[in-house]
4 protein chains.
Amino acid sequence: MPRKPVLAVVGSSAPDARTNRDAEQLGALAAERGWVVITGGRAGGVMAAALKGAKSRRGLTIGILPDASAEIAPDADVAIITDVGNARNNIIVLSGSVVVACGVDGPGTASEVSLAIKNGRHVVLLNASDEAVRFFETIAAHRSDLLRTAASADEAMDCAQRCLT
Amino acid sequence: MPRKPVLAVVGSSAPDARTNRDAEQLGALAAERGWVVITGGRAGGVMAAALKGAKSRRGLTIGILPDASAEIAPDADVAIITDVGNARNNIIVLSGSVVVACGVDGPGTASEVSLAIKNGRHVVLLNASDEAVRFFETIAAHRSDLLRTAASADEAMDCAQRCLT
Amino acid sequence: MPRKPVLAVVGSSAPDARTNRDAEQLGALAAERGWVVITGGRAGGVMAAALKGAKSRRGLTIGILPDASAEIAPDADVAIITDVGNARNNIIVLSGSVVVACGVDGPGTASEVSLAIKNGRHVVLLNASDEAVRFFETIAAHRSDLLRTAASADEAMDCAQRCLT
Amino acid sequence: MPRKPVLAVVGSSAPDARTNRDAEQLGALAAERGWVVITGGRAGGVMAAALKGAKSRRGLTIGILPDASAEIAPDADVAIITDVGNARNNIIVLSGSVVVACGVDGPGTASEVSLAIKNGRHVVLLNASDEAVRFFETIAAHRSDLLRTAASADEAMDCAQRCLT
């Protein structure tokens, strides 16, 4: 039996209401389609919302935590404790078959999108700012196949699904 | 619903037949008791055997891989790609509620037992050499509660279960 | 005696001629002013050029290498072997008193600038594209004091010096 | 001009008086012979003592710190901030041409000796316990050339020097 695909969802720890809703819906859609959902695993923001959505559809959920003292999102089935600080961002994106960034409004998410491209992972920018889209288009110039944009959780999940094939 | 306990199983990538059998049996026992099983995730040795045992009982299995090019154990439900080389040993033991070492016959496993004690994790040495037991007893002198020994997979799993309470 | 300040220089491994010259000149200026120069340590691009410049002025130079097999820049006095892949980017920027990015034209450098801001390090963007400057201004919105731009190695070094006080 | 050899010195953060003296003397001898000295960089124990000894002979000294909040040994010329917790132990030993363990009386040092052997680094055990020597001899069975023992800082430095050739 082949391993399930893994959706790595990244984004702000203090998102606006729309981004939070996007993340939760994305997690739900991913679980419905049989994906495992991985996030940074903290008990807040996009990390917690995506896991909550996935769990609401009985999906498998994994949190990649910075250290043993971080509060774990309640909907994480398993917590991986890395103790490598911000370097865990590289682990999150490497472990995803596809990465979806829900908004790119802070330096943590920006590092994750950058590292995903650097590692050759497909990235979907969901409701990213114009500045973010333009910047990552210049950054991914030689690998433009890796970068997509989406305006809704539905569209992002469709993008992610197409990246698998 | 509380998170399931996690058994981190470490050991040789080229174990003798008995150690391999121990690892597989340990994985099976852990899954039967509702534990998630985590290992280094490679397609061989104790790492693969413990996941195989767990999967044979429909347990949840996770491999913490060194990098994207490593061959993944066939029974890993999810592969976490760390790209941090031997530093992943620290992630494996930190992510376990309890760590079981199946034999301690190489430097990788020795580093994992050491890091487990350093991080305050409970460790069960299953069929370790006399030299290993004596050494780790000196090393864990101030935290002797963290170190146990077992002579069978059954006994190791009983030890692990008791560590939870 | 206080520790010398550390300039972390990041940038492309295959820069254009101007960026390469900027990096070498920046390394020279940093050494003249008594800074230690740290880079990713490989034998090419901005990493090697900045160390070469620093060494030409008898500065102290350190390369933070990805792994033991990477070719080391000839002008690195000391090579730190991390074996943590792209996660070493976080180590480079954390170890700098100030970070200077010579061009931001690839995902590796983008991750370094992002991680620098995330970690609260001062960053100088030297000859970055308009897209890069605009993006990082949005990313660093709440810490706009951390981000500066410069059009020459001289100006970048002046910026870095001012960040210390 | 070839790069200077690097002595990675590891050991307890709370050593007994003799081990502390050994570490300081070892640092001094290494610097006299032109070695760079690298340690875990904290302001205490073997880490600080070895750097102090090296600095007393005008050697170059580098501390590989766990995180930005750790107090830095006063004699470290440069502090590398890793933010990878105990995984920095792997970086310390990988960066040494040779590793000397001053006593092996705790799990941190045990992990460093283990990781050094795992990475194929030469290790000198200086005044290690009988239990430690016996254990690491079993662990390094297939690479017995990597492991030496010494009873004084002088002897350890002679060992280290011979490992280079």
# chains A, B, ... in the order shown; residues from 1 in each chain; ligands from 1
call {"tool": "closest_atom_pairs", "arguments": {"of": "chain C", "to": "chain D", "cutoff": "12 Å", "atoms": "only C-alpha atoms", "output": "tab-separated table"}}
result
residue	atom	partner	partner_atom	distance
C:Met1	CA	D:Pro74	CA	9.0
C:Pro2	CA	D:Pro74	CA	8.8
C:Arg3	CA	D:Asp77	CA	6.1
C:Lys4	CA	D:Asp77	CA	7.4
C:Pro5	CA	D:Val78	CA	8.7
C:Val6	CA	D:Val78	CA	8.0
C:Leu7	CA	D:Val78	CA	11.3
C:Ala8	CA	D:Ile80	CA	11.0
C:Trp35	CA	D:Val78	CA	10.6
C:Val36	CA	D:Val78	CA	8.0
C:Val37	CA	D:Val78	CA	10.2
C:Ile38	CA	D:Ile80	CA	9.6
C:Thr39	CA	D:Ile80	CA	11.6
C:Lys55	CA	D:Met1	CA	11.9
C:Leu60	CA	D:Leu60	CA	9.6
C:Thr61	CA	D:Val78	CA	10.2
C:Ile62	CA	D:Val78	CA	9.2
C:Gly63	CA	D:Ile80	CA	10.7
C:Ile64	CA	D:Ile80	CA	9.0
C:Leu65	CA	D:Ser95	CA	9.5
C:Pro66	CA	D:Ile91	CA	10.3
C:Asp67	CA	D:Leu94	CA	8.7
C:Ala68	CA	D:Leu94	CA	7.6
C:Ser69	CA	D:Leu94	CA	11.4
C:Ile72	CA	D:Arg3	CA	10.3
C:Ala73	CA	D:Arg3	CA	10.7
C:Pro74	CA	D:Arg3	CA	8.6
C:Asp75	CA	D:Arg3	CA	8.9
C:Ala76	CA	D:Arg3	CA	7.9
C:Asp77	CA	D:Arg3	CA	6.1
C:Val78	CA	D:Arg3	CA	7.1
C:Ala79	CA	D:Ser95	CA	6.8
C:Ile80	CA	D:Ser95	CA	5.0
C:Ile81	CA	D:Ser95	CA	4.9
C:Thr82	CA	D:Ile91	CA	4.8
C:Asp83	CA	D:Ile91	CA	7.1
C:Val84	CA	D:Ile91	CA	8.7
C:Gly85	CA	D:Ile91	CA	11.9
C:Ala87	CA	D:Val84	CA	9.4
C:Arg88	CA	D:Thr82	CA	8.1
C:Asn89	CA	D:Thr82	CA	9.9
C:Asn90	CA	D:Thr82	CA	7.5
C:Ile91	CA	D:Thr82	CA	4.8
C:Ile92	CA	D:Ile80	CA	8.0
C:Val93	CA	D:Ile81	CA	8.7
C:Leu94	CA	D:Ile81	CA	5.6
C:Ser95	CA	D:Ile81	CA	5.0
C:Gly96	CA	D:Ile80	CA	8.4
C:Ser97	CA	D:Ala79	CA	10.3
C:Asn119	CA	D:Ala68	CA	9.5
C:Gly120	CA	D:Ala68	CA	11.0
C:Arg121	CA	D:Ala68	CA	11.3
call {"tool": "select_by_dssp", "arguments": {"residues": "stretch 51-141 of chain D", "states": "helix (DSSP H, G or I)", "output": "JSON, numbers by chain"}}
result
{"D": [51, 52, 53, 54, 55, 56, 85, 86, 87, 88, 89, 90, 91, 92, 93, 94, 107, 108, 109, 110, 111, 112, 113, 114, 115, 116, 117, 118, 130, 131, 132, 133, 134, 135, 136, 137, 138, 139, 141]}
call {"tool": "select_by_dssp", "arguments": {"residues": "chain B", "states": "strand (DSSP E or B)", "output": "ChimeraX atom specification"}}
result
/B:6-11,36-39,42,61-65,72,78-81,98-102,122-126,147-150
call {"tool": "residues_around", "arguments": {"residues": "stretch 151-153 of chain D", "least_positions_apart": "4", "cutoff": "6 Å", "atoms": "only C-alpha atoms", "output": "VMD selection string"}}
result
chain D and resid 22 26 126 to 127
call {"tool": "write_last_selection", "arguments": {"atoms": "N, CA and C atoms", "output": "short mmCIF file (atom, residue, chain, number, x, y, z; two decimals), in the first residue's frame"}}
result
data_model
loop_
_atom_site.label_atom_id
_atom_site.label_comp_id
_atom_site.auth_asym_id
_atom_site.auth_seq_id
_atom_site.Cartn_x
_atom_site.Cartn_y
_atom_site.Cartn_z
N ASP D 22 43.08 19.54 33.77
CA ASP D 22 43.42 18.84 32.52
C ASP D 22 42.94 19.63 31.30
N LEU D 26 45.26 21.23 28.52
CA LEU D 26 45.10 20.72 27.16
C LEU D 26 44.91 21.88 26.17
N LEU D 126 40.50 11.13 27.88
CA LEU D 126 41.47 11.57 28.88
C LEU D 126 40.90 11.33 30.28
N ASN D 127 41.56 10.43 31.00
CA ASN D 127 41.10 10.10 32.36
C ASN D 127 39.63 9.70 32.41
#
call {"tool": "atom_distance", "arguments": {"atom1": "atom CA of A:Phe135", "atom2": "atom CA of A:Val9"}}
result
20.0 Å
call {"tool": "residues_around", "arguments": {"residues": "stretch 15-18 of chain A", "least_positions_apart": "6", "cutoff": "9 Å", "atoms": "only C-alpha atoms", "output": "ChimeraX atom specification"}}
result
/A:45-46,102-103,105
call {"tool": "write_last_selection", "arguments": {"atoms": "C-alpha atoms", "output": "short mmCIF file (atom, residue, chain, number, x, y, z; two decimals), in the first residue's frame"}}
result
data_model
loop_
_atom_site.label_atom_id
_atom_site.label_comp_id
_atom_site.auth_asym_id
_atom_site.auth_seq_id
_atom_site.Cartn_x
_atom_site.Cartn_y
_atom_site.Cartn_z
CA GLY A 45 -2.69 30.21 14.44
CA VAL A 46 -2.48 28.44 11.11
CA CYS A 102 -1.68 30.34 4.20
CA GLY A 103 -0.73 33.97 3.83
CA ASP A 105 2.92 37.76 6.33
#
call {"tool": "atom_distance", "arguments": {"atom1": "atom CA of B:Ala156", "atom2": "atom CA of B:Met47"}}
result
16.4 Å
call {"tool": "residues_around", "arguments": {"residues": "C:Cys163", "least_positions_apart": "4", "cutoff": "8 Å", "atoms": "only C-alpha atoms", "output": "list of chain:residue names"}}
result
C:Val98, C:His122, C:Cys159
call {"tool": "atom_distance", "arguments": {"atom1": "atom CA of A:Ile139", "atom2": "atom CA of C:Gly106"}}
result
4.8 Å
